[in-house]
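What follows is the content of upload.txt, which has compact mmCIF, C-alpha atoms:
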```txt
# COMPACT_ATOMS: atom_id res chain seq x y z
CA MET A 8 -17.60 4.91 5.82
CA THR A 9 -16.38 1.62 4.39
CA ASP A 10 -17.66 -1.43 6.28
CA ILE A 11 -15.29 -3.24 8.64
CA LEU A 12 -15.44 -6.98 8.00
CA ALA A 13 -15.24 -9.43 10.90
CA ALA A 14 -12.83 -12.36 10.89
CA PRO A 15 -14.12 -15.59 9.31
CA LYS A 16 -16.19 -17.84 11.54
CA GLY A 17 -13.98 -19.77 13.90
CA LYS A 18 -11.05 -17.36 13.52
CA ARG A 19 -9.86 -14.82 16.09
CA TRP A 20 -7.73 -12.14 14.53
CA PRO A 21 -5.98 -9.67 16.88
CA SER A 22 -6.43 -5.96 16.29
CA VAL A 23 -3.56 -3.49 16.44
CA LEU A 24 -4.41 -0.67 14.04
CA LEU A 25 -8.14 -0.37 14.75
CA ALA A 26 -8.15 -1.69 18.33
CA ARG A 27 -8.99 1.64 19.98
CA ALA A 28 -11.49 2.67 17.32
CA LEU A 29 -13.37 -0.62 17.51
CA ALA A 30 -13.38 -0.54 21.31
CA ARG A 31 -14.87 2.95 21.36
CA GLY A 32 -17.51 2.19 18.73
CA SER A 33 -18.37 3.83 15.41
CA SER A 34 -20.73 6.37 17.01
CA THR A 35 -17.93 7.96 19.06
CA ASP A 36 -16.32 11.17 17.85
CA PRO A 37 -12.82 10.06 16.73
CA THR A 38 -11.41 13.53 17.49
CA ASP A 39 -12.55 13.49 21.14
CA LEU A 40 -9.18 13.65 22.88
CA ASP A 41 -10.50 12.76 26.34
CA GLY A 42 -12.11 9.61 25.00
CA ALA A 43 -9.01 8.75 23.00
CA THR A 44 -6.64 9.17 25.95
CA ALA A 45 -8.98 7.12 28.15
CA ALA A 46 -8.63 4.37 25.53
CA GLY A 47 -4.83 4.61 25.69
CA ALA A 48 -3.90 7.31 23.16
CA PHE A 49 -0.50 8.96 23.77
CA ALA A 50 0.46 6.45 26.47
CA GLY A 51 3.03 5.09 24.02
CA LEU A 52 4.48 8.56 23.42
CA ARG A 53 4.77 9.20 27.16
CA LYS A 54 6.52 5.86 27.64
CA ALA A 55 8.95 6.57 24.82
CA ILE A 56 9.84 9.99 26.27
CA ASP A 57 9.82 9.16 29.99
CA GLU A 58 11.19 5.60 30.00
CA LEU A 59 12.82 4.53 26.76
CA GLY A 60 14.59 7.47 25.14
CA PRO A 61 15.33 7.78 21.41
CA ALA A 62 17.82 4.90 21.02
CA ALA A 63 15.74 2.38 22.97
CA THR A 64 12.60 3.42 21.08
CA ILE A 65 14.31 2.68 17.78
CA ALA A 66 15.59 -0.62 19.18
CA THR A 67 12.06 -1.53 20.26
CA ILE A 68 10.63 -0.92 16.80
CA ALA A 69 13.49 -2.81 15.17
CA ALA A 70 13.04 -5.78 17.51
CA SER A 71 9.32 -5.95 16.72
CA GLY A 72 10.04 -6.67 13.05
CA LEU A 73 7.64 -3.94 11.89
CA ARG A 74 7.86 -3.48 8.12
CA GLY A 75 6.48 -0.58 6.10
CA ARG A 76 2.82 -1.00 5.19
CA GLY A 77 3.13 1.19 2.09
CA GLY A 78 3.80 -1.86 -0.06
CA SER A 79 7.57 -2.28 -0.05
CA GLY A 80 7.83 -3.90 3.37
CA PHE A 81 11.11 -2.19 4.26
CA PRO A 82 12.15 -2.69 7.92
CA THR A 83 10.98 0.34 9.89
CA GLY A 84 13.69 0.22 12.54
CA GLU A 85 16.39 0.23 9.88
CA LYS A 86 14.92 3.35 8.28
CA TRP A 87 14.73 5.14 11.64
CA ARG A 88 18.32 4.26 12.50
CA ALA A 89 19.54 5.66 9.19
CA ALA A 90 17.74 8.97 9.75
CA ALA A 91 18.88 9.28 13.36
CA SER A 92 22.52 8.55 12.54
CA THR A 93 22.76 11.06 9.67
CA GLU A 94 24.33 14.33 10.76
CA ALA A 95 21.84 17.17 10.21
CA ARG A 96 20.41 20.25 11.86
CA ARG A 97 16.92 19.52 10.58
CA ARG A 98 14.94 16.29 10.26
CA PHE A 99 11.42 15.44 9.12
CA VAL A 100 8.88 12.66 9.58
CA VAL A 101 6.28 12.36 6.83
CA ALA A 102 3.14 10.26 7.28
CA ASN A 103 2.05 9.11 3.84
CA GLY A 104 -1.74 8.98 3.88
CA TYR A 105 -2.16 9.78 0.21
CA GLY A 106 -3.65 6.40 -0.67
CA ALA A 107 -2.51 6.24 -4.29
CA ASP A 108 -4.88 3.46 -5.34
CA PRO A 109 -8.13 5.31 -6.11
CA ALA A 110 -10.27 2.25 -5.36
CA VAL A 111 -8.84 1.49 -1.90
CA GLN A 112 -9.95 3.17 1.32
CA THR A 113 -7.78 1.42 3.93
CA ASP A 114 -5.57 4.37 4.88
CA ARG A 115 -8.47 6.78 4.71
CA THR A 116 -10.56 4.56 6.98
CA LEU A 117 -7.79 4.43 9.57
CA MET A 118 -7.34 8.22 9.55
CA GLU A 119 -11.09 8.78 9.85
CA ARG A 120 -11.65 6.30 12.67
CA ASP A 121 -8.50 6.86 14.77
CA PRO A 122 -6.58 9.97 13.71
CA TYR A 123 -4.76 10.05 17.06
CA ALA A 124 -3.06 6.74 16.27
CA VAL A 125 -1.41 8.38 13.27
CA VAL A 126 -0.51 11.57 15.16
CA GLU A 127 0.96 9.61 18.08
CA GLY A 128 2.90 7.26 15.82
CA LEU A 129 4.36 10.23 13.96
CA ALA A 130 5.31 11.90 17.26
CA ILE A 131 7.08 8.77 18.51
CA ALA A 132 8.99 8.49 15.23
CA ALA A 133 9.97 12.16 15.43
CA PHE A 134 11.16 11.76 19.02
CA ALA A 135 13.18 8.67 18.12
CA VAL A 136 15.00 10.15 15.12
CA GLY A 137 15.36 13.69 16.46
CA ALA A 138 12.91 15.38 14.09
CA SER A 139 11.20 18.62 15.01
CA GLU A 140 8.85 18.77 12.02
CA GLY A 141 6.16 16.32 10.98
CA ILE A 142 3.87 16.33 7.97
CA ILE A 143 0.77 14.24 7.39
CA ALA A 144 0.24 14.10 3.63
CA ILE A 145 -3.27 13.22 2.55
CA ARG A 146 -5.30 13.24 -0.63
CA SER A 147 -7.21 16.51 -0.93
CA GLU A 148 -10.47 14.73 -1.83
CA ALA A 149 -10.47 12.82 1.46
CA SER A 150 -12.33 15.64 3.19
CA GLN A 151 -13.52 13.62 6.18
CA ALA A 152 -10.04 12.30 6.95
CA VAL A 153 -8.55 15.78 6.46
CA ALA A 154 -11.03 17.24 8.94
CA ALA A 155 -10.41 14.47 11.49
CA LEU A 156 -6.62 14.80 11.30
CA THR A 157 -6.68 18.60 11.40
CA ALA A 158 -8.86 18.52 14.50
CA ALA A 159 -6.74 15.81 16.11
CA VAL A 160 -3.50 17.74 15.52
CA GLY A 161 -5.07 20.86 17.03
CA GLU A 162 -6.33 19.00 20.11
CA ALA A 163 -3.02 17.19 20.61
CA GLU A 164 -1.09 20.45 20.38
CA GLU A 165 -3.38 22.20 22.82
CA ALA A 166 -2.89 19.33 25.28
CA GLY A 167 0.88 19.51 24.89
CA PHE A 168 1.44 16.12 23.27
CA ILE A 169 2.91 17.90 20.26
CA GLY A 170 3.96 21.49 19.68
CA PRO A 171 6.37 23.61 21.76
CA ASP A 172 8.46 21.65 24.30
CA ALA A 173 6.62 18.44 23.41
CA PHE A 174 9.70 16.30 24.07
CA GLY A 175 11.10 18.46 26.85
CA PRO A 176 12.35 22.05 27.20
CA GLY A 177 13.40 23.40 23.82
CA ARG A 178 12.45 20.18 22.00
CA ASP A 179 9.50 21.10 19.83
CA LEU A 180 7.43 19.12 17.33
CA THR A 181 5.43 20.98 14.72
CA VAL A 182 2.89 18.79 12.89
CA THR A 183 1.15 19.98 9.72
CA VAL A 184 -1.63 18.34 7.72
CA ARG A 185 -0.84 18.86 4.04
CA THR A 186 -3.33 18.05 1.32
CA VAL A 187 -1.82 16.89 -1.96
CA GLN A 188 -3.39 16.24 -5.30
CA GLY A 189 -1.91 14.41 -8.21
CA ALA A 190 -1.44 11.08 -9.87
CA TYR A 191 -0.94 7.48 -8.76
CA MET A 192 2.81 8.11 -8.58
CA LEU A 193 2.42 10.18 -5.40
CA GLY A 194 2.36 6.93 -3.48
CA GLU A 195 6.11 6.59 -4.11
CA GLU A 196 8.05 8.27 -1.31
CA THR A 197 10.50 10.33 -3.39
CA VAL A 198 7.65 11.54 -5.61
CA LEU A 199 5.64 12.57 -2.55
CA LEU A 200 8.60 14.49 -1.13
CA LYS A 201 9.07 16.33 -4.42
CA ALA A 202 5.38 17.30 -4.38
CA LEU A 203 5.58 18.51 -0.76
CA ALA A 204 8.58 20.66 -1.69
CA GLY A 205 6.69 22.18 -4.62
CA GLY A 206 8.57 20.27 -7.29
CA ARG A 207 7.48 18.07 -10.16
CA GLY A 208 6.16 14.69 -9.03
CA GLN A 209 8.82 12.36 -10.41
CA PRO A 210 10.96 9.77 -8.61
CA GLU A 211 14.60 10.23 -7.75
CA GLN A 212 17.49 7.83 -8.14
CA ARG A 213 18.34 6.05 -4.88
CA PRO A 214 20.72 6.13 -3.04
CA PRO A 215 20.82 8.54 -1.34
CA TYR A 216 17.63 7.41 0.38
CA PRO A 217 15.18 9.89 1.92
CA SER A 218 16.25 8.75 5.40
CA GLN A 219 19.63 10.31 4.56
CA GLU A 220 18.65 13.08 2.14
CA GLY A 221 14.94 13.71 1.74
CA LEU A 222 12.65 16.72 2.08
CA PHE A 223 14.65 19.92 1.52
CA ASP A 224 17.75 17.67 1.49
CA ALA A 225 17.26 16.86 5.18
CA PRO A 226 17.01 13.31 6.63
CA THR A 227 13.36 12.31 6.29
CA VAL A 228 11.47 9.28 7.56
CA VAL A 229 8.56 8.55 5.23
CA GLN A 230 6.09 5.98 6.57
CA ASN A 231 2.65 4.86 5.55
CA VAL A 232 0.01 5.87 8.10
CA GLN A 233 -0.65 2.21 8.96
CA THR A 234 3.00 1.74 9.85
CA LEU A 235 2.93 4.73 12.20
CA ALA A 236 -0.39 3.68 13.74
CA ALA A 237 1.20 0.37 14.80
CA VAL A 238 4.06 2.11 16.62
CA PRO A 239 2.19 3.17 19.83
CA TRP A 240 0.86 -0.37 20.27
CA ILE A 241 4.38 -1.79 19.97
CA VAL A 242 5.82 0.67 22.48
CA ILE A 243 3.10 -0.10 25.03
CA ASN A 244 2.88 -3.88 24.57
CA GLY A 245 6.48 -4.60 23.71
CA PRO A 246 8.20 -5.87 20.56
CA GLY A 247 7.69 -9.52 21.49
CA ALA A 248 3.91 -9.16 21.59
CA PHE A 249 3.90 -7.63 18.12
CA ALA A 250 6.33 -10.19 16.71
CA ALA A 251 4.02 -12.94 17.96
CA ILE A 252 1.26 -11.70 15.65
CA GLY A 253 1.32 -12.69 12.00
CA SER A 254 4.30 -14.50 10.51
CA LYS A 255 7.95 -14.53 11.50
CA ALA A 256 9.03 -12.69 8.34
CA SER A 257 6.08 -10.26 8.38
CA PRO A 258 4.83 -9.63 11.93
CA GLY A 259 1.72 -7.69 12.86
CA THR A 260 -1.48 -6.85 11.05
CA MET A 261 -2.48 -4.84 8.00
CA LEU A 262 -5.71 -3.37 6.71
CA VAL A 263 -6.90 -5.21 3.60
CA GLN A 264 -9.76 -4.12 1.37
CA VAL A 265 -11.68 -7.07 -0.01
CA ARG A 266 -14.00 -6.92 -2.99
CA GLY A 267 -15.65 -10.30 -2.92
CA HIS A 268 -18.44 -12.24 -4.59
CA GLN A 269 -21.17 -10.96 -2.24
CA ARG A 270 -19.74 -8.16 -0.12
CA SER A 271 -16.89 -5.72 0.15
CA GLY A 272 -15.17 -4.03 3.04
CA ILE A 273 -11.99 -3.65 5.07
CA ALA A 274 -10.54 -6.18 7.46
CA GLU A 275 -7.56 -6.02 9.79
CA VAL A 276 -5.67 -9.15 8.82
CA PRO A 277 -2.65 -10.76 10.51
CA LEU A 278 0.14 -10.93 7.94
CA GLY A 279 0.77 -14.53 6.97
CA THR A 280 -2.94 -15.33 6.71
CA PRO A 281 -3.69 -17.64 3.74
CA LEU A 282 -5.38 -15.85 0.87
CA HIS A 283 -8.35 -18.19 0.98
CA ASP A 284 -9.26 -16.89 4.46
CA ILE A 285 -9.19 -13.31 3.16
CA VAL A 286 -11.20 -14.20 0.05
CA ALA A 287 -13.77 -15.89 2.31
CA LEU A 288 -14.55 -12.49 3.84
CA GLY A 289 -16.26 -11.56 0.57
CA GLY A 290 -18.69 -14.46 0.70
CA GLU A 291 -19.35 -17.47 -1.48
CA ALA A 292 -19.37 -17.36 -5.25
CA THR A 293 -22.63 -16.66 -7.04
CA PRO A 294 -24.51 -19.97 -7.66
CA GLY A 295 -23.38 -21.42 -10.95
CA ARG A 296 -20.11 -19.49 -10.90
CA ILE A 297 -16.63 -20.40 -9.74
CA LEU A 298 -13.72 -18.33 -8.50
CA LYS A 299 -11.29 -17.83 -11.35
CA ALA A 300 -8.69 -15.33 -10.20
CA VAL A 301 -7.78 -12.96 -7.39
CA LEU A 302 -6.10 -9.63 -8.09
CA VAL A 303 -3.73 -8.95 -5.19
CA GLY A 304 -1.98 -5.59 -4.78
CA GLY A 305 -4.06 -3.07 -6.72
CA PRO A 306 -3.66 -1.89 -10.34
CA SER A 307 -0.06 -3.12 -10.49
CA GLY A 308 -0.87 -6.32 -8.62
CA GLY A 309 -0.69 -9.96 -9.63
CA LEU A 310 -3.49 -12.16 -10.94
CA LEU A 311 -3.42 -15.39 -8.96
CA PRO A 312 -5.56 -18.46 -9.78
CA ALA A 313 -7.81 -20.30 -7.34
CA GLU A 314 -5.11 -22.96 -6.96
CA ALA A 315 -2.77 -20.33 -5.44
CA LEU A 316 -5.06 -19.33 -2.57
CA ASP A 317 -2.92 -21.20 -0.06
CA THR A 318 -0.35 -18.43 -0.60
CA ARG A 319 0.16 -16.49 2.60
CA TYR A 320 -0.64 -12.80 2.59
CA GLU A 321 2.80 -11.44 3.44
CA PHE A 322 5.46 -9.48 1.59
CA ASP A 323 7.86 -12.24 0.56
CA ALA A 324 5.36 -15.03 -0.15
CA LEU A 325 3.27 -12.82 -2.42
CA ARG A 326 6.33 -11.68 -4.37
CA GLN A 327 7.30 -15.30 -4.97
CA ALA A 328 3.78 -16.04 -6.19
CA GLY A 329 3.87 -13.13 -8.67
CA ALA A 330 1.85 -10.55 -6.72
CA HIS A 331 2.59 -8.07 -3.94
CA VAL A 332 0.96 -6.41 -0.94
CA GLY A 333 0.73 -3.08 -2.77
CA SER A 334 -2.26 -1.01 -1.74
CA GLY A 335 -3.78 -3.77 0.39
CA SER A 336 -6.40 -4.63 -2.22
CA VAL A 337 -7.80 -8.12 -2.83
CA VAL A 338 -10.31 -8.32 -5.70
CA VAL A 339 -12.11 -11.55 -6.56
CA ALA A 340 -13.03 -12.43 -10.16
CA ASP A 341 -15.23 -15.34 -11.21
CA ASP A 342 -15.30 -17.26 -14.48
CA ARG A 343 -17.03 -14.40 -16.30
CA ALA A 344 -13.78 -12.42 -16.28
CA CYS A 345 -11.32 -12.51 -19.16
CA ILE A 346 -7.83 -12.51 -17.67
CA VAL A 347 -6.22 -11.16 -20.85
CA ASP A 348 -8.62 -8.22 -21.02
CA LEU A 349 -8.29 -7.56 -17.27
CA ALA A 350 -4.49 -7.54 -17.52
CA ARG A 351 -4.75 -5.20 -20.51
CA LEU A 352 -6.91 -2.71 -18.59
CA LEU A 353 -4.58 -2.76 -15.58
CA THR A 354 -1.55 -2.26 -17.81
CA ARG A 355 -3.24 0.70 -19.46
CA PHE A 356 -3.88 2.27 -16.06
CA CYS A 357 -0.21 1.84 -15.13
CA ALA A 358 0.92 3.28 -18.47
CA ASP A 359 -1.43 6.27 -18.14
CA GLU A 360 -0.18 6.97 -14.60
CA ALA A 361 3.52 6.78 -15.51
CA CYS A 362 5.29 10.08 -14.81
CA GLY A 363 7.31 9.89 -18.03
CA LYS A 364 10.74 10.44 -16.51
CA THR A 365 12.38 7.34 -17.99
CA ILE A 366 12.03 5.75 -21.41
CA PRO A 367 11.33 2.19 -20.14
CA CYS A 368 8.36 3.48 -18.17
CA ARG A 369 7.15 6.18 -20.56
CA ILE A 370 7.34 4.04 -23.69
CA GLY A 371 7.77 0.47 -22.46
CA THR A 372 4.55 0.30 -20.44
CA ARG A 373 2.65 1.90 -23.32
CA ARG A 374 3.99 -0.78 -25.67
CA LEU A 375 2.88 -3.49 -23.25
CA PHE A 376 -0.63 -2.10 -23.38
CA GLU A 377 -0.58 -1.84 -27.18
CA ILE A 378 0.48 -5.46 -27.56
CA SER A 379 -2.22 -6.69 -25.19
CA ASP A 380 -4.77 -4.46 -26.90
CA ARG A 381 -4.18 -5.99 -30.30
CA ILE A 382 -4.43 -9.46 -28.76
CA VAL A 383 -7.92 -8.86 -27.37
CA THR A 384 -9.11 -7.15 -30.55
CA GLY A 385 -8.20 -9.99 -32.90
CA ARG A 386 -4.96 -8.57 -34.29
CA PRO A 387 -2.33 -10.72 -32.55
CA ARG A 388 1.05 -11.71 -33.88
CA PRO A 389 2.64 -15.11 -33.23
CA THR A 390 5.61 -13.41 -31.58
CA ASP A 391 3.51 -11.40 -29.10
CA PRO A 392 3.92 -13.73 -26.07
CA GLN A 393 7.70 -13.67 -26.30
CA LEU A 394 7.66 -9.94 -27.00
CA LEU A 395 5.66 -9.39 -23.78
CA VAL A 396 8.18 -11.43 -21.82
CA ASP A 397 11.22 -9.69 -23.28
CA LEU A 398 9.79 -6.19 -22.95
CA SER A 399 8.68 -6.80 -19.36
CA HIS A 400 12.17 -8.02 -18.49
CA ASP A 401 13.76 -4.92 -19.99
CA ILE A 402 11.40 -2.60 -18.11
CA VAL A 403 12.03 -4.29 -14.75
CA GLU A 404 15.81 -4.42 -15.16
CA SER A 405 16.13 -0.74 -16.09
CA ALA A 406 13.44 0.64 -13.77
CA LEU A 407 14.01 3.77 -11.71
CA CYS A 408 11.13 3.16 -9.28
CA ASP A 409 8.72 0.45 -8.15
CA HIS A 410 5.96 1.73 -10.40
CA GLU A 411 7.95 0.61 -13.44
CA ARG A 412 8.92 -2.71 -11.89
CA LEU A 413 5.41 -3.56 -10.80
CA ALA A 414 3.54 -2.28 -13.86
CA THR A 415 4.52 -5.49 -15.64
CA LEU A 416 2.91 -7.76 -13.03
CA PRO A 417 -0.67 -8.01 -14.37
CA LEU A 418 0.49 -9.32 -17.75
CA ALA A 419 3.38 -11.34 -16.30
CA SER A 420 1.19 -13.12 -13.74
CA GLY A 421 -1.57 -13.55 -16.31
CA MET A 422 0.84 -15.31 -18.67
CA ARG A 423 2.27 -17.38 -15.83
CA TYR A 424 -1.04 -18.78 -14.59
CA PHE A 425 -3.47 -18.32 -17.48
CA ARG A 426 -1.33 -18.99 -20.55
CA ALA A 427 -3.99 -21.20 -22.14
CA GLU A 428 -6.40 -18.26 -22.19
CA LEU A 429 -3.79 -16.07 -23.86
CA ASP A 430 -3.18 -18.78 -26.47
CA ASP A 431 -6.91 -18.97 -27.18
CA HIS A 432 -6.87 -15.29 -28.07
CA ILE A 433 -3.75 -15.53 -30.21
CA LEU A 434 -4.06 -18.91 -31.90
CA ARG A 435 -7.83 -19.26 -32.18
CA SER A 436 -8.97 -15.65 -31.99
CA SER A 437 -11.46 -16.60 -29.32
CA CYS A 438 -12.20 -15.43 -25.79
CA PRO A 439 -13.27 -18.33 -23.50
CA ALA A 440 -15.02 -15.90 -21.14
CA GLY A 441 -16.94 -14.26 -23.99
CA VAL A 442 -15.74 -10.80 -22.98
CA CYS A 443 -13.57 -9.94 -25.95
CA ARG A 444 -14.89 -9.89 -29.49
CA PRO A 445 -11.81 -10.66 -31.56
CA ILE A 446 -12.20 -10.27 -35.31
CA ALA A 447 -10.28 -12.88 -37.22
CA LEU A 448 -8.38 -11.25 -40.07
CA ALA A 449 -7.90 -13.54 -43.06
CA THR A 450 -6.23 -12.82 -46.39
CA ALA A 451 -8.36 -13.67 -49.38
CA ALA A 452 -6.90 -16.37 -51.60
CA GLY A 453 -4.73 -14.89 -54.30
CA SER A 454 -4.77 -11.38 -52.83
CA ARG A 455 -1.59 -9.51 -52.04
```
Please express the file's structure as structure tokens.
Amino acid sequence: MTDILAAPKGKRWPSVLLARALARGSSTDPTDLDGATAAGAFAGLRKAIDELGPAATIATIAASGLRGRGGSGFPTGEKWRAAASTEARRRFVVANGYGADPAVQTDRTLMERDPYAVVEGLAIAAFAVGASEGIIAIRSEASQAVAALTAAVGEAEEAGFIGPDAFGPGRDLTVTVRTVQGAYMLGEETVLLKALAGGRGQPEQRPPYPSQEGLFDAPTVVQNVQTLAAVPWIVINGPGAFAAIGSKASPGTMLVQVRGHQRSGIAEVPLGTPLHDIVALGGEATPGRILKAVLVGGPSGGLLPAEALDTRYEFDALRQAGAHVGSGSVVVADDRACIVDLARLLTRFCADEACGKTIPCRIGTRRLFEISDRIVTGRPRPTDPQLLVDLSHDIVESALCDHERLATLPLASGMRYFRAELDDHILRSSCPAGVCRPIALATAAGSR
């Protein structure tokens, strides 16, 4: 299992998502239902059914300010209201535990350590929106999380928390654990729904949104597993208690995976925490080295300089800074890293993972990589910086999904904060970090 990092010295960070798991200890069987219920599991579901009812449950989640932890930060209560108010005979709730970023284990860690939090959150969502079918979608390689969730679903059904008459006579909830396998694009909700329906994994034009017309054309609430895991805590403790954690615009906590100078691991971080506190979890820089950049948001994230570490880790502030929450990844790079080469590699990953449905994504992201590749290999053109800007703008403005929009971020943020390093590559054919080995191409005098 990935290590859980403690809050920095002198800081006390509240726990919402991993509270029960940490209280029970890592040696406890996470699928032990008796132990889980003793720690408070399914108390939120019982309160929603017995005291609140569907409308008040949705109002509670809306009042808490909970936003989707899958990266977009869309208000959860608004999504639930849309699904509940759409006329339909069939509704779904899908827990997205795919974890598209191959280097990040936050969602997997949550599902392994407290699978009942995900199952209970899904059940509350299903009760609130009137869904009778729930699906937990998870990467097929995550065998430990698959086993934990499968066992948890079975135990919860046997105990009557889900299954036949779960919400009262004739009000059933069937929950299925579905393993999926595919590309990075499966993290996008419409792509995931297509895969679950047996279709080709490509995004759909929105609107209509999945909350109105999703899986099998039925209203479907798609939520990241971290979002659903926060729901029971909110129902039990009240929306005000949740809103008091984190920032006003982004309440609550989120699991963040830190790859630092000395150590790596996962921390539950209150949203709104300054980046420098999160970076500090990874330890001090190696003697003789200095922090140069922080990659925030995964492969399609932004490269922020050390001077930007006062930026608060929350949806809106990160977007303004040129990054995004994304997969919950924070990667520290010291002065040995070449920003131009790093942005090139990230852009190549995004281009390789593009589904190919639209021309701006299929061809535009590939062209971004090709331009950056010739820059780091000593074949730049004077017009390349402006070409990168213009092409990135065209891709973003014509994008069908967030993958296209965000694929431009590594190069865009690199040019925004590290333009001098780009100019060194283009104008002087040199790499200040000594990573690239550009070959200066000169025309012999008199040759044609």
(request) Do a neighbour search on region 406-421 of chain A at 9 Å with only C-alpha atoms, toss out local chain neighbours closer than 6 positions, and write the hits as a ChimeraX atom specification. (result) /A:79,192,195,210-213,302,306-311,328-331,346-347,349-351,353-354,356-358,361,364-365,367-368,372,375,379,395-396,399-400,428-429
(message) Quick one: residues within 6 Å of Gly51 (chain A), all atoms listed in the file, excluding same-chain residues fewer than 3 positions away - as a list in words?
(response) Lys54, Pro239, Val242 and Ile243 of chain A
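Here CA of Ser147 (chain A) is placed at a distance of 14.0 Å from CA of Asp108 (chain A).
Shell of Gly205 (chain A) at 12 Å, with all atoms listed in the file counted and residues fewer than 3 places along the chain excluded, is A:Arg185, A:Val187, A:Gln188, A:Val198, A:Leu199, A:Leu200, A:Lys201, A:Ala202, A:Gly208, A:Gln209, A:Leu222, A:Phe223.
Among A:Val339, A:Leu278, A:Cys345, A:Ile285, the residue with the shortest atom-to-atom distance to Leu73 (chain A), counting all atoms listed in the file, is A:Leu278.
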(message) I want to know what sits within 12 Å of Gly175 (chain A), based on only C-alpha atoms, with residues of the same chain fewer than 5 positions away left out; could you give that as a list of chain:residue names?
(response) A:Arg53, A:Ile56, A:Asp57, A:Gly60, A:Phe134, A:Ser139, A:Gly167, A:Phe168, A:Ile169, A:Gly170, A:Leu180
(message) So the first atom is CA of Arg343 (chain A) and the second is CA of Ile273 (chain A); what is the distance between them in Å, to one decimal place?
(response) 24.4 Å
(message) Under the rule that only C-alpha atoms are counted, which of A:Gly279, A:Pro246, A:Gly80, A:Pro226 is the nearest residue to Ala66 (chain A)?
(response) A:Pro246
(request) Identify which of the residues A:Leu12, A:Cys362, A:Leu117, A:Ala340 lies closest to Ala190 (chain A), counting all atoms listed in the file when measuring atom-to-atom distances. (result) A:Cys362
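The space separating CA of Ile433 (chain A) from CA of Pro387 (chain A) comes to 5.5 Å.
Distances from A:Ala166, A:Ala132, A:Ala26, A:Val229 to Gly194 (chain A) were compared using all atoms listed in the file, and the smallest one belongs to A:Val229.
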(request) Name all residues at most 10 Å from Ala133 (chain A) (count all atoms listed in the file; drop same-chain ones fewer than 2 positions away) and give them as a PyMOL selection string. (result) chain A and resi 61+87+91+98-101+127-131+135-141+174+179-181+227-228
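The shortest atom-to-atom distance to Lys86 (chain A), with all atoms listed in the file taken into account, belongs to A:Tyr216 out of A:Tyr105, A:Ala251, A:Thr157, A:Tyr216.
For the set A:Arg326, A:Arg270, A:Arg296, A:Arg423, the residue with the smallest atom-to-atom gap to Thr9 (chain A) is A:Arg270, counting all atoms listed in the file.
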(request) Take the point (-9.6, -9.0, 10.2) in the file's coordinates, draw a sphere of radius 7 Å around it, and report as JSON, numbers by chain every protein, DNA or RNA residue with an atom inside or on it, counting only C-alpha atoms. (result) {"A": [12, 13, 14, 20, 274, 275, 276]}
